[in-house]
>>> print(open('model-v9.pdb').read())   # PDB, C-alpha atoms
ATOM      1  CA  MET O   1      45.512  84.842 130.537
ATOM      2  CA  SER O   2      48.390  87.076 129.433
ATOM      3  CA  ARG O   3      50.177  88.629 132.372
ATOM      4  CA  ALA O   4      53.018  90.979 131.482
ATOM      5  CA  VAL O   5      55.566  93.090 133.301
ATOM      6  CA  LEU O   6      56.284  96.468 131.723
ATOM      7  CA  SER O   7      59.171  98.750 132.641
ATOM      8  CA  LEU O   8      58.574 102.460 132.083
ATOM      9  CA  GLY O   9      61.155 105.210 131.807
ATOM     10  CA  SER O  10      61.330 108.862 130.800
ATOM     11  CA  ASN O  11      64.076 111.472 130.885
ATOM     12  CA  LEU O  12      62.819 114.233 128.582
ATOM     13  CA  GLY O  13      60.062 116.794 129.026
ATOM     14  CA  ASP O  14      57.266 116.073 131.476
ATOM     15  CA  ARG O  15      58.805 112.826 132.744
ATOM     16  CA  LEU O  16      56.070 112.071 135.258
ATOM     17  CA  GLY O  17      53.365 112.981 132.749
ATOM     18  CA  TYR O  18      54.805 110.569 130.195
ATOM     19  CA  LEU O  19      54.919 107.751 132.755
ATOM     20  CA  ARG O  20      51.308 108.503 133.680
ATOM     21  CA  SER O  21      50.316 108.403 130.008
ATOM     22  CA  ALA O  22      51.861 104.925 129.693
ATOM     23  CA  VAL O  23      49.958 103.680 132.750
ATOM     24  CA  ASP O  24      46.750 105.221 131.407
ATOM     25  CA  ALA O  25      47.297 103.411 128.087
ATOM     26  CA  VAL O  26      47.192 100.027 129.847
ATOM     27  CA  ARG O  27      44.905 100.979 132.744
ATOM     28  CA  PRO O  28      42.068  98.574 131.827
ATOM     29  CA  ALA O  29      44.566  95.705 132.251
ATOM     30  CA  LEU O  30      46.509  97.208 135.169
ATOM     31  CA  VAL O  31      47.099  94.852 138.100
ATOM     32  CA  ALA O  32      49.746  96.837 140.003
ATOM     33  CA  VAL O  33      52.036  99.810 139.531
ATOM     34  CA  SER O  34      55.193 100.589 141.476
ATOM     35  CA  GLY O  35      56.279 103.848 142.979
ATOM     36  CA  VAL O  36      58.313 106.262 140.891
ATOM     37  CA  TYR O  37      62.092 106.035 141.092
ATOM     38  CA  GLU O  38      64.798 108.383 139.846
ATOM     39  CA  THR O  39      67.910 106.876 138.287
ATOM     40  CA  LYS O  40      70.987 107.944 136.396
ATOM     41  CA  ALA O  41      71.031 107.211 132.684
ATOM     42  CA  TRP O  42      72.385 103.835 131.612
ATOM     43  CA  GLY O  43      74.328 103.178 128.419
ATOM     44  CA  VAL O  44      74.735 106.768 127.242
ATOM     45  CA  GLU O  45      75.396 108.554 130.522
ATOM     46  CA  ASP O  46      75.579 112.164 129.277
ATOM     47  CA  GLN O  47      71.829 112.814 129.475
ATOM     48  CA  PRO O  48      69.197 113.787 132.071
ATOM     49  CA  ASP O  49      68.199 111.442 134.892
ATOM     50  CA  PHE O  50      65.291 109.072 134.337
ATOM     51  CA  LEU O  51      62.077 108.566 136.177
ATOM     52  CA  ASN O  52      61.290 104.846 136.191
ATOM     53  CA  ALA O  53      58.393 102.697 137.279
ATOM     54  CA  LEU O  54      57.113  99.213 136.629
ATOM     55  CA  CYS O  55      53.637  97.869 136.133
ATOM     56  CA  ILE O  56      52.049  94.463 135.972
ATOM     57  CA  VAL O  57      49.215  94.069 133.497
ATOM     58  CA  ASP O  58      46.895  91.217 132.660
ATOM     59  CA  ASP O  59      44.638  90.838 129.635
ATOM     60  CA  PRO O  60      43.556  87.441 128.301
ATOM     61  CA  ALA O  61      43.104  88.925 124.824
ATOM     62  CA  ARG O  62      46.748  90.029 124.480
ATOM     63  CA  ASP O  63      49.775  87.936 123.656
ATOM     64  CA  HIS O  64      53.395  89.123 123.867
ATOM     65  CA  TRP O  65      53.182  90.803 120.450
ATOM     66  CA  ALA O  66      50.086  92.727 121.503
ATOM     67  CA  TRP O  67      51.929  93.969 124.609
ATOM     68  CA  LEU O  68      54.815  95.099 122.384
ATOM     69  CA  ARG O  69      52.412  96.986 120.123
ATOM     70  CA  ALA O  70      50.725  98.584 123.149
ATOM     71  CA  GLY O  71      54.093  99.755 124.475
ATOM     72  CA  GLN O  72      55.123 101.121 121.091
ATOM     73  CA  ALA O  73      51.796 102.938 120.729
ATOM     74  CA  ALA O  74      52.288 104.585 124.138
ATOM     75  CA  GLU O  75      55.814 105.632 123.118
ATOM     76  CA  GLN O  76      54.553 107.051 119.837
ATOM     77  CA  ALA O  77      51.772 108.968 121.601
ATOM     78  CA  ALA O  78      54.467 110.498 123.832
ATOM     79  CA  GLY O  79      56.414 111.664 120.785
ATOM     80  CA  ARG O  80      59.267 109.204 121.200
ATOM     81  CA  VAL O  81      61.986 109.612 118.577
ATOM     82  CA  ARG O  82      64.609 106.878 118.219
ATOM     83  CA  GLU O  83      67.832 108.616 117.270
ATOM     84  CA  LEU O  84      70.443 107.097 119.560
ATOM     85  CA  ARG O  85      70.445 103.674 121.209
ATOM     86  CA  TRP O  86      70.107 104.195 124.971
ATOM     87  CA  GLY O  87      69.737 107.912 124.282
ATOM     88  CA  PRO O  88      67.307 110.386 125.842
ATOM     89  CA  ARG O  89      63.617 109.704 125.347
ATOM     90  CA  THR O  90      60.224 111.009 126.277
ATOM     91  CA  LEU O  91      58.998 107.499 127.031
ATOM     92  CA  ASP O  92      60.479 104.028 126.986
ATOM     93  CA  VAL O  93      58.224 101.012 127.514
ATOM     94  CA  ASP O  94      60.135  97.746 127.792
ATOM     95  CA  ILE O  95      58.320  94.418 127.839
ATOM     96  CA  VAL O  96      60.173  92.688 130.687
ATOM     97  CA  THR O  97      58.273  89.398 130.732
ATOM     98  CA  VAL O  98      55.031  87.946 129.427
ATOM     99  CA  GLN O  99      53.952  84.917 131.451
ATOM    100  CA  ASP O 100      56.253  82.043 130.597
ATOM    101  CA  VAL O 101      56.987  83.224 127.055
ATOM    102  CA  THR O 102      60.580  83.278 125.908
ATOM    103  CA  SER O 103      61.527  84.843 122.608
ATOM    104  CA  ASP O 104      64.763  85.267 120.707
ATOM    105  CA  ASP O 105      63.107  87.309 117.972
ATOM    106  CA  PRO O 106      65.250  90.466 117.560
ATOM    107  CA  GLU O 107      62.105  92.587 117.629
ATOM    108  CA  LEU O 108      60.999  91.196 121.007
ATOM    109  CA  LEU O 109      63.536  89.474 123.225
ATOM    110  CA  LEU O 110      61.879  87.850 126.251
ATOM    111  CA  PRO O 111      62.651  88.123 128.989
ATOM    112  CA  HIS O 112      64.052  91.575 128.286
ATOM    113  CA  PRO O 113      67.813  91.005 128.073
ATOM    114  CA  GLY O 114      68.839  93.804 130.438
ATOM    115  CA  THR O 115      66.547  92.781 133.274
ATOM    116  CA  PRO O 116      68.946  90.664 135.378
ATOM    117  CA  ASP O 117      71.480  93.534 135.499
ATOM    118  CA  ARG O 118      69.225  96.543 136.032
ATOM    119  CA  ALA O 119      68.373  97.653 139.528
ATOM    120  CA  SER O 120      66.062 100.235 137.910
ATOM    121  CA  VAL O 121      63.841  97.329 136.814
ATOM    122  CA  LEU O 122      64.342  94.862 139.667
ATOM    123  CA  ILE O 123      63.715  97.274 142.566
ATOM    124  CA  PRO O 124      60.316  98.575 141.375
ATOM    125  CA  TRP O 125      59.310  95.046 140.336
ATOM    126  CA  LEU O 126      60.100  93.647 143.763
ATOM    127  CA  GLU O 127      58.130  96.475 145.350
ATOM    128  CA  ILE O 128      54.913  95.191 143.764
ATOM    129  CA  ASP O 129      55.803  91.492 143.402
ATOM    130  CA  PRO O 130      58.249  90.296 146.087
ATOM    131  CA  ASP O 131      58.230  86.788 144.568
ATOM    132  CA  ALA O 132      59.086  87.974 141.033
ATOM    133  CA  GLU O 133      61.131  85.659 138.833
ATOM    134  CA  VAL O 134      62.989  86.392 135.633
ATOM    135  CA  PRO O 135      62.446  83.350 133.387
ATOM    136  CA  GLY O 136      65.726  81.536 132.814
ATOM    137  CA  HIS O 137      67.575  83.718 135.343
ATOM    138  CA  GLY O 138      65.969  83.085 138.718
ATOM    139  CA  ARG O 139      64.418  85.115 141.474
ATOM    140  CA  ALA O 140      64.529  88.877 141.020
ATOM    141  CA  ALA O 141      65.542  89.309 144.677
ATOM    142  CA  ASP O 142      68.592  87.074 144.170
ATOM    143  CA  LEU O 143      69.540  88.922 140.971
ATOM    144  CA  LEU O 144      69.254  92.263 142.757
ATOM    145  CA  ALA O 145      71.388  91.037 145.666
ATOM    146  CA  ARG O 146      74.189  90.186 143.210
ATOM    147  CA  LEU O 147      74.329  93.704 141.788
ATOM    148  CA  PRO O 148      76.887  96.189 143.130
ATOM    149  CA  GLU O 149      75.681  98.322 146.031
ATOM    150  CA  ALA O 150      76.246 101.455 143.925
ATOM    151  CA  ASP O 151      73.726 100.152 141.361
ATOM    152  CA  ARG O 152      71.108  99.518 144.040
ATOM    153  CA  ALA O 153      71.762 102.862 145.769
ATOM    154  CA  GLY O 154      71.336 104.680 142.455
ATOM    155  CA  VAL O 155      67.631 103.808 142.295
ATOM    156  CA  VAL O 156      65.938 106.395 144.505
ATOM    157  CA  LEU O 157      62.239 106.248 145.368
ATOM    158  CA  ARG O 158      60.466 109.607 144.935
ATOM    159  CA  PRO O 159      57.601 109.230 147.453
ATOM    160  CA  GLY O 160      55.712 112.358 146.388
ATOM    161  CA  LEU O 161      55.363 111.080 142.815
ATOM    162  CA  THR O 162      52.629 108.555 142.022
ATOM    163  CA  LEU O 163      51.158 106.936 138.925
ATOM    164  CA  SER O 164      48.014 105.310 140.245
TER
END
>>> encode(input="model-v9.pdb", output="structure tokens")
Amino acid sequence: MSRAVLSLGSNLGDRLGYLRSAVDAVRPALVAVSGVYETKAWGVEDQPDFLNALCIVDDPARDHWAWLRAGQAAEQAAGRVRELRWGPRTLDVDIVTVQDVTSDDPELLLPHPGTPDRASVLIPWLEIDPDAEVPGHGRAADLLARLPEADRAGVVLRPGLTLS
């Protein structure tokens, strides 16, 4: 079994459409998908707001590298262009965790290194998996509680937007 957690984000073009395309790309393996949240950009702040969501997928035929390739294929299908680190993008698919796999390979760091500090990942994850754990870092709920209130308040659920 290869259970993975994927974080999805988009801040260019049809943001919701791009998130839906990412979910559709993994739909046969989809276990759960969060609501859609709007967040301010992180890293490079002078860019449009993001729509973010998180999904849990499970496919016994895929390892962590296969999940990376699936995410990259979804990004490519959405016309993602990598010009600026943390810059605007049509679609960003981050592999947050894959079962108990840890990786220090620069191409695929697992768990995703930003996870413990990003409310935009932790909040949607906890929505669909209240017992979520970030390998090597602890419970997602505890990590979220340690973040500044402003970080948590900046992740706003958009109830009218759905991906399922």
>>> resolve_selection(input="model-v9.pdb", expression="the PyMOL selection byres ((chain O and resi 49-55) around 9)", output="count of residues only")
40
>>> atom_distance(input="model-v9.pdb", atom1="CA of Val96 in chain O", atom2="CA of Pro148 in chain O")
21.1 Å
>>> atom_distance(input="model-v9.pdb", atom1="CA of Tyr18 in chain O", atom2="CA of Ala78 in chain O")
6.4 Å
>>> atom_distance(input="model-v9.pdb", atom1="CA of Pro159 in chain O", atom2="CA of Gln76 in chain O")
27.9 Å
>>> resolve_selection(input="model-v9.pdb", expression="the PyMOL selection byres ((chain O and resi 118) around 10)", output="list in words")
Trp42, Pro113, Gly114, Thr115, Pro116, Asp117, Ala119, Ser120, Val121, Leu122, Ile123, Leu143, Leu144, Leu147, Asp151, Arg152 and Val155 of chain O
>>> closest_residue(input="model-v9.pdb", among="O:Ala66, O:Val156, O:Pro60, O:Glu75", to="Arg89 in chain O", atoms="only C-alpha atoms")
O:Glu75
>>> closest_residue(input="model-v9.pdb", among="O:Leu109, O:Arg69, O:Ser2, O:Thr90", to="Arg20 in chain O", atoms="only C-alpha atoms")
O:Thr90
>>> resolve_selection(input="model-v9.pdb", expression="the PyMOL selection byres ((chain O and resi 111) around 8)", output="mmCIF file with C-alpha atoms, in the coordinates of the input")
data_model
loop_
_atom_site.group_PDB
_atom_site.id
_atom_site.type_symbol
_atom_site.label_atom_id
_atom_site.label_comp_id
_atom_site.auth_asym_id
_atom_site.auth_seq_id
_atom_site.Cartn_x
_atom_site.Cartn_y
_atom_site.Cartn_z
ATOM 1 C CA ILE O 95 58.320 94.418 127.839
ATOM 2 C CA VAL O 96 60.173 92.688 130.687
ATOM 3 C CA THR O 97 58.273 89.398 130.732
ATOM 4 C CA VAL O 98 55.031 87.946 129.427
ATOM 5 C CA VAL O 101 56.987 83.224 127.055
ATOM 6 C CA THR O 102 60.580 83.278 125.908
ATOM 7 C CA SER O 103 61.527 84.843 122.608
ATOM 8 C CA LEU O 109 63.536 89.474 123.225
ATOM 9 C CA LEU O 110 61.879 87.850 126.251
ATOM 10 C CA HIS O 112 64.052 91.575 128.286
ATOM 11 C CA PRO O 113 67.813 91.005 128.073
ATOM 12 C CA THR O 115 66.547 92.781 133.274
ATOM 13 C CA VAL O 134 62.989 86.392 135.633
ATOM 14 C CA PRO O 135 62.446 83.350 133.387
#
>>> axis_aligned_box(input="model-v9.pdb", around="range 150-163 of chain O", padding_each_side="6 Å", output="JSON")
{"center_x": 63.7, "center_y": 105.9, "center_z": 143.2, "size_x": 37.1, "size_y": 24.8, "size_z": 20.5}
>>> closest_residue(input="model-v9.pdb", among="O:Leu157, O:Val81, O:Leu126, O:Ala70", to="Ala22 in chain O", atoms="only C-alpha atoms")
O:Ala70
>>> build_atoms(input="model-v9.pdb", residues="range 10-21 of chain O", atoms="all heavy atoms", output="mmCIF file, in the frame of the given file")
data_model
loop_
_atom_site.group_PDB
_atom_site.id
_atom_site.type_symbol
_atom_site.label_atom_id
_atom_site.label_comp_id
_atom_site.auth_asym_id
_atom_site.auth_seq_id
_atom_site.Cartn_x
_atom_site.Cartn_y
_atom_site.Cartn_z
ATOM 1 N N SER O 10 61.396 107.590 131.524
ATOM 2 C CA SER O 10 61.330 108.862 130.800
ATOM 3 C C SER O 10 62.416 109.784 131.341
ATOM 4 O O SER O 10 62.612 109.869 132.554
ATOM 5 C CB SER O 10 59.963 109.518 130.998
ATOM 6 O OG SER O 10 59.943 110.806 130.401
ATOM 7 N N ASN O 11 63.112 110.476 130.418
ATOM 8 C CA ASN O 11 64.076 111.472 130.885
ATOM 9 C C ASN O 11 64.044 112.762 130.066
ATOM 10 O O ASN O 11 64.976 113.552 130.134
ATOM 11 C CB ASN O 11 65.492 110.890 130.955
ATOM 12 C CG ASN O 11 66.156 110.704 129.614
ATOM 13 O OD1 ASN O 11 65.505 110.568 128.584
ATOM 14 N ND2 ASN O 11 67.472 110.683 129.622
ATOM 15 N N LEU O 12 62.977 112.983 129.334
ATOM 16 C CA LEU O 12 62.819 114.233 128.582
ATOM 17 C C LEU O 12 61.431 114.815 128.839
ATOM 18 O O LEU O 12 60.451 114.079 128.942
ATOM 19 C CB LEU O 12 62.951 113.985 127.078
ATOM 20 C CG LEU O 12 64.328 113.654 126.527
ATOM 21 C CD1 LEU O 12 64.238 113.412 125.024
ATOM 22 C CD2 LEU O 12 65.350 114.732 126.840
ATOM 23 N N GLY O 13 61.353 116.127 128.902
ATOM 24 C CA GLY O 13 60.062 116.794 129.026
ATOM 25 C C GLY O 13 59.376 116.505 130.351
ATOM 26 O O GLY O 13 60.021 116.413 131.393
ATOM 27 N N ASP O 14 58.077 116.350 130.291
ATOM 28 C CA ASP O 14 57.266 116.073 131.476
ATOM 29 C C ASP O 14 57.394 114.586 131.818
ATOM 30 O O ASP O 14 56.517 113.775 131.493
ATOM 31 C CB ASP O 14 55.806 116.462 131.191
ATOM 32 C CG ASP O 14 54.882 116.219 132.374
ATOM 33 O OD1 ASP O 14 55.354 115.804 133.463
ATOM 34 O OD2 ASP O 14 53.669 116.427 132.204
ATOM 35 N N ARG O 15 58.494 114.243 132.476
ATOM 36 C CA ARG O 15 58.805 112.826 132.744
ATOM 37 C C ARG O 15 57.662 112.115 133.453
ATOM 38 O O ARG O 15 57.264 111.032 133.040
ATOM 39 C CB ARG O 15 60.100 112.705 133.557
ATOM 40 C CG ARG O 15 61.312 113.298 132.879
ATOM 41 C CD ARG O 15 62.551 113.213 133.740
ATOM 42 N NE ARG O 15 62.336 113.870 135.035
ATOM 43 C CZ ARG O 15 63.117 113.685 136.098
ATOM 44 N NH1 ARG O 15 64.163 112.876 136.040
ATOM 45 N NH2 ARG O 15 62.872 114.308 137.227
ATOM 46 N N LEU O 16 57.154 112.707 134.514
ATOM 47 C CA LEU O 16 56.070 112.071 135.258
ATOM 48 C C LEU O 16 54.811 111.970 134.401
ATOM 49 O O LEU O 16 54.128 110.944 134.405
ATOM 50 C CB LEU O 16 55.779 112.838 136.548
ATOM 51 C CG LEU O 16 54.746 112.212 137.476
ATOM 52 C CD1 LEU O 16 55.184 110.820 137.939
ATOM 53 C CD2 LEU O 16 54.500 113.125 138.674
ATOM 54 N N GLY O 17 54.529 113.002 133.637
ATOM 55 C CA GLY O 17 53.365 112.981 132.749
ATOM 56 C C GLY O 17 53.454 111.868 131.721
ATOM 57 O O GLY O 17 52.452 111.206 131.422
ATOM 58 N N TYR O 18 54.644 111.650 131.173
ATOM 59 C CA TYR O 18 54.805 110.569 130.195
ATOM 60 C C TYR O 18 54.616 109.199 130.849
ATOM 61 O O TYR O 18 54.004 108.300 130.253
ATOM 62 C CB TYR O 18 56.162 110.658 129.501
ATOM 63 C CG TYR O 18 56.261 111.818 128.541
ATOM 64 C CD1 TYR O 18 57.321 112.704 128.608
ATOM 65 C CD2 TYR O 18 55.290 112.043 127.561
ATOM 66 C CE1 TYR O 18 57.415 113.778 127.731
ATOM 67 C CE2 TYR O 18 55.365 113.112 126.684
ATOM 68 C CZ TYR O 18 56.437 113.984 126.772
ATOM 69 O OH TYR O 18 56.528 115.039 125.902
ATOM 70 N N LEU O 19 55.141 109.032 132.063
ATOM 71 C CA LEU O 19 54.919 107.751 132.755
ATOM 72 C C LEU O 19 53.426 107.542 133.018
ATOM 73 O O LEU O 19 52.904 106.439 132.828
ATOM 74 C CB LEU O 19 55.701 107.692 134.063
ATOM 75 C CG LEU O 19 57.216 107.688 133.988
ATOM 76 C CD1 LEU O 19 57.812 107.531 135.378
ATOM 77 C CD2 LEU O 19 57.748 106.619 133.048
ATOM 78 N N ARG O 20 52.761 108.606 133.431
ATOM 79 C CA ARG O 20 51.308 108.503 133.680
ATOM 80 C C ARG O 20 50.563 108.145 132.400
ATOM 81 O O ARG O 20 49.616 107.363 132.426
ATOM 82 C CB ARG O 20 50.774 109.807 134.261
ATOM 83 C CG ARG O 20 51.133 109.989 135.708
ATOM 84 C CD ARG O 20 50.551 111.255 136.283
ATOM 85 N NE ARG O 20 50.845 111.342 137.708
ATOM 86 C CZ ARG O 20 51.068 112.479 138.349
ATOM 87 N NH1 ARG O 20 51.010 113.634 137.702
ATOM 88 N NH2 ARG O 20 51.334 112.470 139.632
ATOM 89 N N SER O 21 50.997 108.715 131.273
ATOM 90 C CA SER O 21 50.316 108.403 130.008
ATOM 91 C C SER O 21 50.485 106.919 129.653
ATOM 92 O O SER O 21 49.566 106.306 129.110
ATOM 93 C CB SER O 21 50.824 109.299 128.876
ATOM 94 O OG SER O 21 52.137 108.953 128.475
#
